[in-house]
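Content type mmCIF, C-alpha atoms, from the file target.cif:
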data_structure
#
loop_
_atom_site.group_PDB
_atom_site.id
_atom_site.type_symbol
_atom_site.label_atom_id
_atom_site.label_comp_id
_atom_site.auth_asym_id
_atom_site.auth_seq_id
_atom_site.Cartn_x
_atom_site.Cartn_y
_atom_site.Cartn_z
ATOM 1 C CA MET V 9 6.208 1.116 -24.033
ATOM 2 C CA PRO V 10 7.298 -1.423 -21.374
ATOM 3 C CA TYR V 11 7.141 -0.598 -17.673
ATOM 4 C CA ASP V 12 10.212 1.292 -16.432
ATOM 5 C CA THR V 13 10.797 1.343 -12.658
ATOM 6 C CA ASN V 14 12.837 4.554 -13.025
ATOM 7 C CA LEU V 15 9.682 6.412 -14.099
ATOM 8 C CA ASP V 16 7.632 5.243 -11.091
ATOM 9 C CA GLU V 17 7.684 7.883 -8.323
ATOM 10 C CA GLN V 18 6.355 7.298 -4.802
ATOM 11 C CA ALA V 19 4.845 10.411 -3.212
ATOM 12 C CA PHE V 20 3.550 8.779 0.003
ATOM 13 C CA SER V 21 3.751 5.447 1.822
ATOM 14 C CA LYS V 22 2.529 4.358 5.229
ATOM 15 C CA GLU V 23 1.650 0.966 6.660
ATOM 16 C CA TRP V 24 -0.763 -0.495 9.185
ATOM 17 C CA GLU V 25 0.513 -3.608 10.921
ATOM 18 C CA SER V 26 -1.184 -6.426 12.803
ATOM 19 C CA GLU V 27 0.124 -9.704 14.186
ATOM 20 C CA ASP V 28 -0.659 -11.492 10.881
ATOM 21 C CA GLY V 29 0.872 -8.979 8.489
ATOM 22 C CA LYS V 30 0.560 -5.456 7.226
ATOM 23 C CA ILE V 31 -1.359 -3.350 4.735
ATOM 24 C CA ILE V 32 0.576 -0.680 2.869
ATOM 25 C CA VAL V 33 -1.112 2.448 1.520
ATOM 26 C CA SER V 34 0.920 4.429 -0.991
ATOM 27 C CA VAL V 35 0.565 7.100 -3.660
ATOM 28 C CA HIS V 36 2.461 6.685 -6.916
ATOM 29 C CA SER V 37 2.894 8.618 -10.135
ATOM 30 C CA TYR V 38 4.199 7.036 -13.316
ATOM 31 C CA ASN V 39 6.099 9.149 -15.850
ATOM 32 C CA LYS V 40 4.981 12.425 -14.177
ATOM 33 C CA GLY V 41 1.342 11.351 -14.588
ATOM 34 C CA VAL V 42 -1.611 11.574 -12.218
ATOM 35 C CA ASN V 43 -1.060 10.399 -8.630
ATOM 36 C CA LYS V 44 -2.810 7.104 -7.908
ATOM 37 C CA LEU V 45 -3.546 5.279 -4.664
ATOM 38 C CA GLN V 46 -2.160 1.770 -4.201
ATOM 39 C CA ILE V 47 -3.101 -0.613 -1.382
ATOM 40 C CA THR V 48 -1.130 -3.833 -0.889
ATOM 41 C CA ARG V 49 -1.013 -6.591 1.685
ATOM 42 C CA GLU V 50 2.041 -8.405 3.026
ATOM 43 C CA ILE V 51 1.771 -11.452 5.266
ATOM 44 C CA LYS V 52 4.377 -13.235 7.343
ATOM 45 C CA ASP V 53 5.740 -16.515 6.073
ATOM 46 C CA ARG V 54 6.833 -19.366 8.333
ATOM 47 C CA SER V 55 10.188 -17.665 8.902
ATOM 48 C CA GLY V 56 8.523 -14.409 9.957
ATOM 49 C CA ASN V 57 9.504 -12.553 6.783
ATOM 50 C CA PHE V 58 6.943 -10.393 4.991
ATOM 51 C CA ILE V 59 5.815 -11.562 1.548
ATOM 52 C CA PHE V 60 3.344 -10.056 -0.949
ATOM 53 C CA ALA V 61 -0.227 -11.364 -0.821
ATOM 54 C CA LYS V 62 -3.403 -10.484 -2.691
ATOM 55 C CA LEU V 63 -5.300 -7.791 -0.769
ATOM 56 C CA GLY V 64 -8.672 -9.474 -1.219
ATOM 57 C CA ARG V 65 -11.303 -8.849 1.432
ATOM 58 C CA MET V 66 -10.576 -6.775 4.499
ATOM 59 C CA SER V 67 -11.856 -7.218 8.041
ATOM 60 C CA LYS V 68 -13.532 -4.398 9.958
ATOM 61 C CA GLU V 69 -10.391 -4.067 12.105
ATOM 62 C CA GLU V 70 -8.216 -3.685 8.996
ATOM 63 C CA ILE V 71 -10.539 -1.081 7.475
ATOM 64 C CA GLU V 72 -10.613 0.928 10.704
ATOM 65 C CA GLY V 73 -6.797 0.805 10.838
ATOM 66 C CA VAL V 74 -6.242 1.718 7.193
ATOM 67 C CA LEU V 75 -8.967 4.346 6.706
ATOM 68 C CA PRO V 76 -7.079 7.194 8.466
ATOM 69 C CA ILE V 77 -4.002 6.351 6.370
ATOM 70 C CA ILE V 78 -6.080 6.441 3.180
ATOM 71 C CA LYS V 79 -7.401 9.878 4.153
ATOM 72 C CA GLU V 80 -3.826 11.048 4.783
ATOM 73 C CA ALA V 81 -2.755 9.666 1.386
ATOM 74 C CA VAL V 82 -5.640 11.405 -0.400
ATOM 75 C CA ALA V 83 -4.518 14.704 1.137
ATOM 76 C CA LYS V 84 -1.078 14.152 -0.476
ATOM 77 C CA MET V 85 -2.579 13.596 -3.925
#
What would you get if you wrote out this structure as structure tokens?
Amino acid sequence: MPYDTNLDEQAFSKEWESEDGKIIVSVHSYNKGVNKLQITREIKDRSGNFIFAKLGRMSKEEIEGVLPIIKEAVAKM
């Protein structure tokens, strides 16, 4: 069965922003399934618009900023 965006439900989403970009923590459920945590990174391009980037490694500052949001997201699961 191919992926269907209509079956993807978002239960929670919150972002942590810095001068370089932002990290988005969200909880999703697909086709009424189990809630799952998703963490994505968006960086600013030359025009100042946010674009998707691989999360990769996180700095201590990013972890400290995102950790309370992760705990909040887990409470919503």
Practice item. Using the chain letters and numbering of this document, enumerate as a list in words the residues selected by the PyMOL selection byres ((chain V and resi 57-65) around 12). Key: Glu25, Ser26, Glu27, Asp28, Gly29, Lys30, Ile31, Ile32, Val33, Gln46, Ile47, Thr48, Arg49, Glu50, Ile51, Lys52, Asp53, Arg54, Ser55, Gly56, Met66, Ser67, Lys68, Glu69, Glu70 and Ile71 of chain V
Take the residues from that selection and write them out as a JSON list (two decimals), in the coordinates of the input, keeping C-alpha atoms.
[["chain", "number", "residue", "atom", "x", "y", "z"],
["V", 25, "GLU", "CA", 0.51, -3.61, 10.92],
["V", 26, "SER", "CA", -1.18, -6.43, 12.80],
["V", 27, "GLU", "CA", 0.12, -9.70, 14.19],
["V", 28, "ASP", "CA", -0.66, -11.49, 10.88],
["V", 29, "GLY", "CA", 0.87, -8.98, 8.49],
["V", 30, "LYS", "CA", 0.56, -5.46, 7.23],
["V", 31, "ILE", "CA", -1.36, -3.35, 4.74],
["V", 32, "ILE", "CA", 0.58, -0.68, 2.87],
["V", 33, "VAL", "CA", -1.11, 2.45, 1.52],
["V", 46, "GLN", "CA", -2.16, 1.77, -4.20],
["V", 47, "ILE", "CA", -3.10, -0.61, -1.38],
["V", 48, "THR", "CA", -1.13, -3.83, -0.89],
["V", 49, "ARG", "CA", -1.01, -6.59, 1.68],
["V", 50, "GLU", "CA", 2.04, -8.40, 3.03],
["V", 51, "ILE", "CA", 1.77, -11.45, 5.27],
["V", 52, "LYS", "CA", 4.38, -13.24, 7.34],
["V", 53, "ASP", "CA", 5.74, -16.52, 6.07],
["V", 54, "ARG", "CA", 6.83, -19.37, 8.33],
["V", 55, "SER", "CA", 10.19, -17.66, 8.90],
["V", 56, "GLY", "CA", 8.52, -14.41, 9.96],
["V", 66, "MET", "CA", -10.58, -6.78, 4.50],
["V", 67, "SER", "CA", -11.86, -7.22, 8.04],
["V", 68, "LYS", "CA", -13.53, -4.40, 9.96],
["V", 69, "GLU", "CA", -10.39, -4.07, 12.10],
["V", 70, "GLU", "CA", -8.22, -3.68, 9.00],
["V", 71, "ILE", "CA", -10.54, -1.08, 7.48]]
Exercise for review: Run the PyMOL selection byres ((chain V and resi 38) around 7) against the file shown and list the residues it catches, as a list in words.
Suggested key: Leu15, Asp16, Glu17, His36, Ser37, Asn39, Lys40 and Gly41 of chain V
Review point. In Å, with one decimal, what is the gap from atom CA of V:Ala19 to atom CA of V:Val35?
Key: 5.4 Å
**Study point:** Å distance separating atom CA of V:Pro76 from atom CA of V:Lys44, one decimal place
**Key:**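 These two atoms are separated by 16.9 Å.
If you look at atom CA of V:Lys84 and atom CA of V:Glu72, they are 19.8 Å away from each other.
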